[in-house]
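This report concerns only the one structure given below.
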Amino acid sequence: MIFKEKVTLITGASQGIGEAIAEEFGRAGATVVLVDIQKGKLDQVASRLAGMGIRAIAYEADVTKSSQVTEVTEEAIKSQGRIDHLINNAGITRDSLLLRMKEEDWDSVVGVNLKGSFNFTRAVLKHMFSARYGRIVNISSVVGLMGNFGQSNYAASKAGLIGFSKSVAREVATRGITVNCVAPGYIGTSMTEKLSQDVQKAFLEIIPMRRFGLPVEVARVVKFLCSEDAAYITGQVINVNGGMYM
Ligand code: NAP
């Protein structure tokens, strides 16, 4: 129970990697504050976790809306008294070649993936500052490091998240707060299930381990970064990609 009495806020927590992070932290004793855009899905996850004996609270919020982010953060602090870990995980794709990319596809991807993380980090940091303790993990992507055909908006947002994390890490390091990124490769979730069989096959060929990752394999690395074993790690990007990018 390494996270007994800790509170972890996870965005995009109602499925995929976010849900796996919530379960992993809950199993380690944390109270998990689940944030996502659709309350219905969130409530189902919260009751599934509660059935496992995990303390889970669900808040509906759009990470791109700073007023909703502030409201959720304040409510969570009021009810739980603290937020020890913030996991900025909510993310979307709107793939297209750059020449055909609509302005709204650029804005929505950068809005959720990058501004959403800015909104939550700014809101939660205030509390971590006074507590002189905190762990922030931002979920970037292998695509932010190597680029990807048809994903210039997504790659820019995920690369931006790395620069953002390193900058904030420098600003808060003396306050007992660490900020790191996890960059997953190809993980089996609804985000990747949308890709055609051909694209999935092409990905498998460039993954030395010849398999896709599991959400829990990302969640365990996030857990490590929030543990005391990672107390001296900040401003880093940890790749979880089966060797796809080295
Ligand atoms: P996912 O299954 O699509 O889950 C993302 C969650 O974020 C969904 O529940 C989604 O809700 C929610 N969300 C979307 N927009 C939101 C908003 N504005 N406010 C609040 N929540 C919002 O994705 P995933 O595969 O688990 O990915 C999780 C993170 O890992 C993302 O940041 C993704 O970019 C990153 N990542 C994933 C992979 C991979 O292979 N899967 C690889 C590298 C990085 P709705 O579905 O209701 O819109």
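Lettering and numbering for the structure tokens are positional, with chains as A, B, ... in the shown order, residues counted from 1 in each chain, and ligands counted from 1 in the shown order.
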Spatial neighbours of segment 85-88 of chain A, max dist 6 Å, only C-alpha atoms, sep filter under 6 positions, as a PyMOL selection string: chain A and resi 8-11+117+134-138
If you keep N, CA, C and O atoms, can you produce a file of those selected residues as an mmCIF file, in the first residue's frame?
```
data_model
loop_
_atom_site.group_PDB
_atom_site.id
_atom_site.type_symbol
_atom_site.label_atom_id
_atom_site.label_comp_id
_atom_site.auth_asym_id
_atom_site.auth_seq_id
_atom_site.Cartn_x
_atom_site.Cartn_y
_atom_site.Cartn_z
ATOM 1 N N THR A 8 -4.822 10.855 -5.760
ATOM 2 C CA THR A 8 -4.318 10.923 -7.142
ATOM 3 C C THR A 8 -5.435 11.394 -8.066
ATOM 4 O O THR A 8 -6.504 10.785 -8.100
ATOM 5 N N LEU A 9 -5.199 12.468 -8.799
ATOM 6 C CA LEU A 9 -6.187 12.935 -9.773
ATOM 7 C C LEU A 9 -5.726 12.527 -11.166
ATOM 8 O O LEU A 9 -4.583 12.793 -11.553
ATOM 9 N N ILE A 10 -6.620 11.859 -11.887
ATOM 10 C CA ILE A 10 -6.280 11.343 -13.218
ATOM 11 C C ILE A 10 -7.290 11.880 -14.227
ATOM 12 O O ILE A 10 -8.499 11.702 -14.054
ATOM 13 N N THR A 11 -6.797 12.499 -15.302
ATOM 14 C CA THR A 11 -7.726 12.968 -16.339
ATOM 15 C C THR A 11 -7.865 11.880 -17.415
ATOM 16 O O THR A 11 -6.968 11.058 -17.594
ATOM 17 N N SER A 117 -3.459 19.958 -20.166
ATOM 18 C CA SER A 117 -2.426 19.667 -19.155
ATOM 19 C C SER A 117 -1.975 20.948 -18.467
ATOM 20 O O SER A 117 -1.729 20.964 -17.251
ATOM 21 N N GLY A 134 4.582 16.998 -4.285
ATOM 22 C CA GLY A 134 3.711 16.663 -5.411
ATOM 23 C C GLY A 134 4.422 15.850 -6.465
ATOM 24 O O GLY A 134 5.655 15.866 -6.569
ATOM 25 N N ARG A 135 3.629 15.097 -7.204
ATOM 26 C CA ARG A 135 4.152 14.314 -8.336
ATOM 27 C C ARG A 135 3.218 14.586 -9.514
ATOM 28 O O ARG A 135 2.010 14.342 -9.415
ATOM 29 N N ILE A 136 3.793 15.071 -10.598
ATOM 30 C CA ILE A 136 2.993 15.303 -11.806
ATOM 31 C C ILE A 136 3.563 14.429 -12.916
ATOM 32 O O ILE A 136 4.776 14.421 -13.146
ATOM 33 N N VAL A 137 2.678 13.672 -13.555
ATOM 34 C CA VAL A 137 3.118 12.858 -14.692
ATOM 35 C C VAL A 137 2.230 13.210 -15.885
ATOM 36 O O VAL A 137 0.995 13.153 -15.806
ATOM 37 N N ASN A 138 2.876 13.610 -16.965
ATOM 38 C CA ASN A 138 2.155 13.964 -18.181
ATOM 39 C C ASN A 138 2.328 12.843 -19.205
ATOM 40 O O ASN A 138 3.452 12.388 -19.455
#
```
Surrounding residues as a PyMOL selection string, ligand 1, max 7 Å, only C-alpha atoms and all ligand atoms: chain A and resi 11-18+35-38+61-64+89-92+112-113+139-142+183-192
How would the residues just chosen look if you wrote them out with C-alpha atoms as a PDB file, in the first residue's frame?
```pdb
ATOM      1  CA  THR A  11      -7.726  12.968 -16.339  1.00  0.00           C
ATOM      2  CA  GLY A  12      -9.234  10.888 -19.135  1.00  0.00           C
ATOM      3  CA  ALA A  13      -9.842   8.216 -16.498  1.00  0.00           C
ATOM      4  CA  SER A  14     -12.927   6.510 -17.867  1.00  0.00           C
ATOM      5  CA  GLN A  15     -11.167   4.109 -20.238  1.00  0.00           C
ATOM      6  CA  GLY A  16      -7.872   2.880 -21.653  1.00  0.00           C
ATOM      7  CA  ILE A  17      -4.631   4.009 -20.045  1.00  0.00           C
ATOM      8  CA  GLY A  18      -6.342   6.439 -17.631  1.00  0.00           C
ATOM      9  CA  VAL A  35     -11.939  13.213 -14.335  1.00  0.00           C
ATOM     10  CA  ASP A  36     -13.398  12.741 -17.795  1.00  0.00           C
ATOM     11  CA  ILE A  37     -15.713  14.425 -20.239  1.00  0.00           C
ATOM     12  CA  GLN A  38     -18.583  11.884 -20.114  1.00  0.00           C
ATOM     13  CA  ALA A  61     -15.020  18.099 -16.720  1.00  0.00           C
ATOM     14  CA  ASP A  62     -13.625  19.163 -20.054  1.00  0.00           C
ATOM     15  CA  VAL A  63      -9.882  19.673 -19.550  1.00  0.00           C
ATOM     16  CA  THR A  64      -9.846  22.474 -22.127  1.00  0.00           C
ATOM     17  CA  ASN A  89      -3.667  11.645 -19.367  1.00  0.00           C
ATOM     18  CA  ALA A  90      -6.702  12.928 -21.338  1.00  0.00           C
ATOM     19  CA  GLY A  91      -5.832  12.974 -25.004  1.00  0.00           C
ATOM     20  CA  ILE A  92      -7.357  12.828 -28.471  1.00  0.00           C
ATOM     21  CA  VAL A 112      -7.025  18.793 -25.139  1.00  0.00           C
ATOM     22  CA  ASN A 113      -3.501  17.347 -25.136  1.00  0.00           C
ATOM     23  CA  ILE A 139       1.281  11.301 -20.732  1.00  0.00           C
ATOM     24  CA  SER A 140       3.129  12.203 -23.904  1.00  0.00           C
ATOM     25  CA  SER A 141       3.719   9.766 -26.793  1.00  0.00           C
ATOM     26  CA  VAL A 142       6.413   8.138 -28.879  1.00  0.00           C
ATOM     27  CA  ALA A 183       5.836   8.388 -23.594  1.00  0.00           C
ATOM     28  CA  PRO A 184       3.889   5.256 -24.535  1.00  0.00           C
ATOM     29  CA  GLY A 185       4.373   3.567 -27.874  1.00  0.00           C
ATOM     30  CA  TYR A 186       1.514   1.591 -29.381  1.00  0.00           C
ATOM     31  CA  ILE A 187      -0.818   0.544 -26.551  1.00  0.00           C
ATOM     32  CA  GLY A 188      -3.988  -1.465 -27.156  1.00  0.00           C
ATOM     33  CA  THR A 189      -6.864   0.929 -26.332  1.00  0.00           C
ATOM     34  CA  SER A 190      -9.834   2.375 -28.214  1.00  0.00           C
ATOM     35  CA  MET A 191      -7.502   5.126 -29.509  1.00  0.00           C
ATOM     36  CA  THR A 192      -5.412   2.567 -31.408  1.00  0.00           C
TER      37      THR A 192
END
```
Nearest candidate to Gly26 of chain A (options A:Arg55, A:Arg122, A:Lys201, A:Lys115; using only C-alpha atoms):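 Closest to Gly26 of chain A, using only C-alpha atoms: A:Arg55.
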Nearby residues (only C-alpha atoms) at most 12 Å from segment 100-105 of chain A, same-chain spacing under 3 positions excluded, as a list in words: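 After dropping sequence-adjacent residues, the list is Ile92, Thr93, Arg94, Asp95, Ser96, Leu97, Ser108, Val109, Val110, Gly111, Val112, Gly150, Gln151, Ser152, Asn153, Tyr154 and Ser157 of chain A.
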Using all heavy atoms, can you export the residues from the last selection as a tab-separated table (two decimals), in the first residue's frame?
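This went into result_16.tsv:
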```tsv
chain	number	residue	atom	x	y	z
A	92	ILE	N	-6.57	13.20	-27.28
A	92	ILE	CA	-7.36	12.83	-28.47
A	92	ILE	C	-6.46	12.86	-29.71
A	92	ILE	O	-5.38	13.46	-29.68
A	92	ILE	CB	-8.56	13.78	-28.71
A	92	ILE	CG1	-8.09	15.23	-28.90
A	92	ILE	CG2	-9.57	13.69	-27.57
A	92	ILE	CD1	-9.18	16.16	-29.44
A	93	THR	N	-6.95	12.22	-30.77
A	93	THR	CA	-6.29	12.34	-32.08
A	93	THR	C	-7.32	12.84	-33.08
A	93	THR	O	-8.52	12.55	-32.95
A	93	THR	CB	-5.77	10.97	-32.58
A	93	THR	OG1	-6.85	10.03	-32.52
A	93	THR	CG2	-4.62	10.45	-31.75
A	94	ARG	N	-6.87	13.60	-34.06
A	94	ARG	CA	-7.70	14.00	-35.21
A	94	ARG	C	-6.74	13.96	-36.39
A	94	ARG	O	-6.20	14.99	-36.79
A	94	ARG	CB	-8.28	15.41	-35.06
A	94	ARG	CG	-9.26	15.62	-33.92
A	94	ARG	CD	-10.64	15.00	-34.21
A	94	ARG	NE	-11.55	15.26	-33.10
A	94	ARG	CZ	-11.67	14.48	-32.02
A	94	ARG	NH1	-10.96	13.38	-31.90
A	94	ARG	NH2	-12.51	14.80	-31.06
A	95	ASP	N	-6.48	12.73	-36.91
A	95	ASP	CA	-5.40	12.57	-37.88
A	95	ASP	C	-5.77	13.05	-39.28
A	95	ASP	O	-6.89	12.85	-39.74
A	95	ASP	CB	-5.02	11.08	-37.98
A	95	ASP	CG	-4.50	10.52	-36.66
A	95	ASP	OD1	-4.27	11.31	-35.74
A	95	ASP	OD2	-4.30	9.29	-36.59
A	96	SER	N	-4.78	13.64	-39.93
A	96	SER	CA	-4.93	14.02	-41.33
A	96	SER	C	-3.59	14.55	-41.82
A	96	SER	O	-2.78	15.02	-41.02
A	96	SER	CB	-6.04	15.07	-41.43
A	96	SER	OG	-5.69	16.12	-42.24
A	97	LEU	N	-3.37	14.45	-43.13
A	97	LEU	CA	-2.14	15.04	-43.68
A	97	LEU	C	-2.22	16.55	-43.47
A	97	LEU	O	-3.32	17.13	-43.53
A	97	LEU	CB	-2.04	14.73	-45.17
A	97	LEU	CG	-1.90	13.25	-45.50
A	97	LEU	CD1	-1.85	13.05	-47.01
A	97	LEU	CD2	-0.65	12.67	-44.84
A	108	SER	N	-8.36	21.46	-31.69
A	108	SER	CA	-8.91	20.56	-30.67
A	108	SER	C	-7.83	19.63	-30.11
A	108	SER	O	-7.79	19.40	-28.90
A	108	SER	CB	-10.13	19.79	-31.18
A	108	SER	OG	-9.79	19.12	-32.36
A	109	VAL	N	-6.92	19.15	-30.95
A	109	VAL	CA	-5.87	18.24	-30.45
A	109	VAL	C	-4.91	19.00	-29.53
A	109	VAL	O	-4.59	18.53	-28.43
A	109	VAL	CB	-5.13	17.57	-31.64
A	109	VAL	CG1	-3.87	16.86	-31.17
A	109	VAL	CG2	-6.07	16.57	-32.32
A	110	VAL	N	-4.47	20.17	-29.96
A	110	VAL	CA	-3.56	20.95	-29.11
A	110	VAL	C	-4.31	21.40	-27.84
A	110	VAL	O	-3.75	21.42	-26.74
A	110	VAL	CB	-2.96	22.14	-29.90
A	110	VAL	CG1	-2.16	23.06	-28.99
A	110	VAL	CG2	-2.08	21.62	-31.03
A	111	GLY	N	-5.59	21.69	-28.00
A	111	GLY	CA	-6.41	22.14	-26.87
A	111	GLY	C	-6.52	21.08	-25.77
A	111	GLY	O	-6.26	21.35	-24.60
A	112	VAL	N	-6.87	19.86	-26.15
A	112	VAL	CA	-7.02	18.79	-25.14
A	112	VAL	C	-5.65	18.35	-24.62
A	112	VAL	O	-5.40	18.32	-23.42
A	112	VAL	CB	-7.79	17.57	-25.71
A	112	VAL	CG1	-7.83	16.44	-24.69
A	112	VAL	CG2	-9.20	17.96	-26.13
A	150	GLY	N	0.78	11.90	-40.90
A	150	GLY	CA	-0.65	12.17	-40.66
A	150	GLY	C	-0.99	12.61	-39.25
A	150	GLY	O	-2.17	12.71	-38.89
A	151	GLN	N	0.04	12.85	-38.43
A	151	GLN	CA	-0.25	13.21	-37.03
A	151	GLN	C	0.51	14.47	-36.60
A	151	GLN	O	1.01	14.54	-35.47
A	151	GLN	CB	0.12	12.05	-36.10
A	151	GLN	CG	-0.86	10.88	-36.17
A	151	GLN	CD	-0.79	9.99	-34.94
A	151	GLN	OE1	0.29	9.56	-34.57
A	151	GLN	NE2	-1.93	9.72	-34.31
A	152	SER	N	0.63	15.46	-37.49
A	152	SER	CA	1.44	16.64	-37.13
A	152	SER	C	0.84	17.38	-35.93
A	152	SER	O	1.58	17.89	-35.08
A	152	SER	CB	1.62	17.57	-38.32
A	152	SER	OG	0.37	17.97	-38.83
A	153	ASN	N	-0.50	17.42	-35.86
A	153	ASN	CA	-1.14	18.10	-34.71
A	153	ASN	C	-0.87	17.33	-33.41
A	153	ASN	O	-0.46	17.90	-32.39
A	153	ASN	CB	-2.65	18.28	-34.95
A	153	ASN	CG	-3.37	17.01	-35.40
A	153	ASN	OD1	-2.75	15.96	-35.60
A	153	ASN	ND2	-4.67	17.11	-35.55
A	154	TYR	N	-1.04	16.02	-33.46
A	154	TYR	CA	-0.84	15.18	-32.28
A	154	TYR	C	0.64	15.20	-31.85
A	154	TYR	O	0.96	15.36	-30.67
A	154	TYR	CB	-1.28	13.75	-32.63
A	154	TYR	CG	-1.23	12.76	-31.50
A	154	TYR	CD1	-2.18	12.78	-30.48
A	154	TYR	CD2	-0.24	11.78	-31.46
A	154	TYR	CE1	-2.14	11.84	-29.44
A	154	TYR	CE2	-0.19	10.84	-30.43
A	154	TYR	CZ	-1.15	10.88	-29.43
A	154	TYR	OH	-1.10	9.95	-28.41
A	157	SER	N	1.51	18.45	-30.21
A	157	SER	CA	0.96	18.55	-28.84
A	157	SER	C	1.78	17.70	-27.87
A	157	SER	O	2.05	18.13	-26.74
A	157	SER	CB	-0.51	18.13	-28.81
A	157	SER	OG	-0.64	16.73	-28.99
```
DSSP-assigned alpha helix (DSSP H) among segment 8-239 of chain A, expressed as a VMD selection string: chain A and resid 16 to 27 39 to 51 66 to 80 103 to 110 116 to 131 142 to 146 152 to 172 190 to 193 197 to 205 215 to 226
Nearest to Arg175 of chain A by atom-to-atom distance, counting only C-alpha atoms, from A:Leu125, A:Ala22, A:Ala202, A:Val240: A:Leu125
Length of the atom CA of Met128 of chain A to atom CA of Ile177 of chain A vector [Å]: 7.2 Å
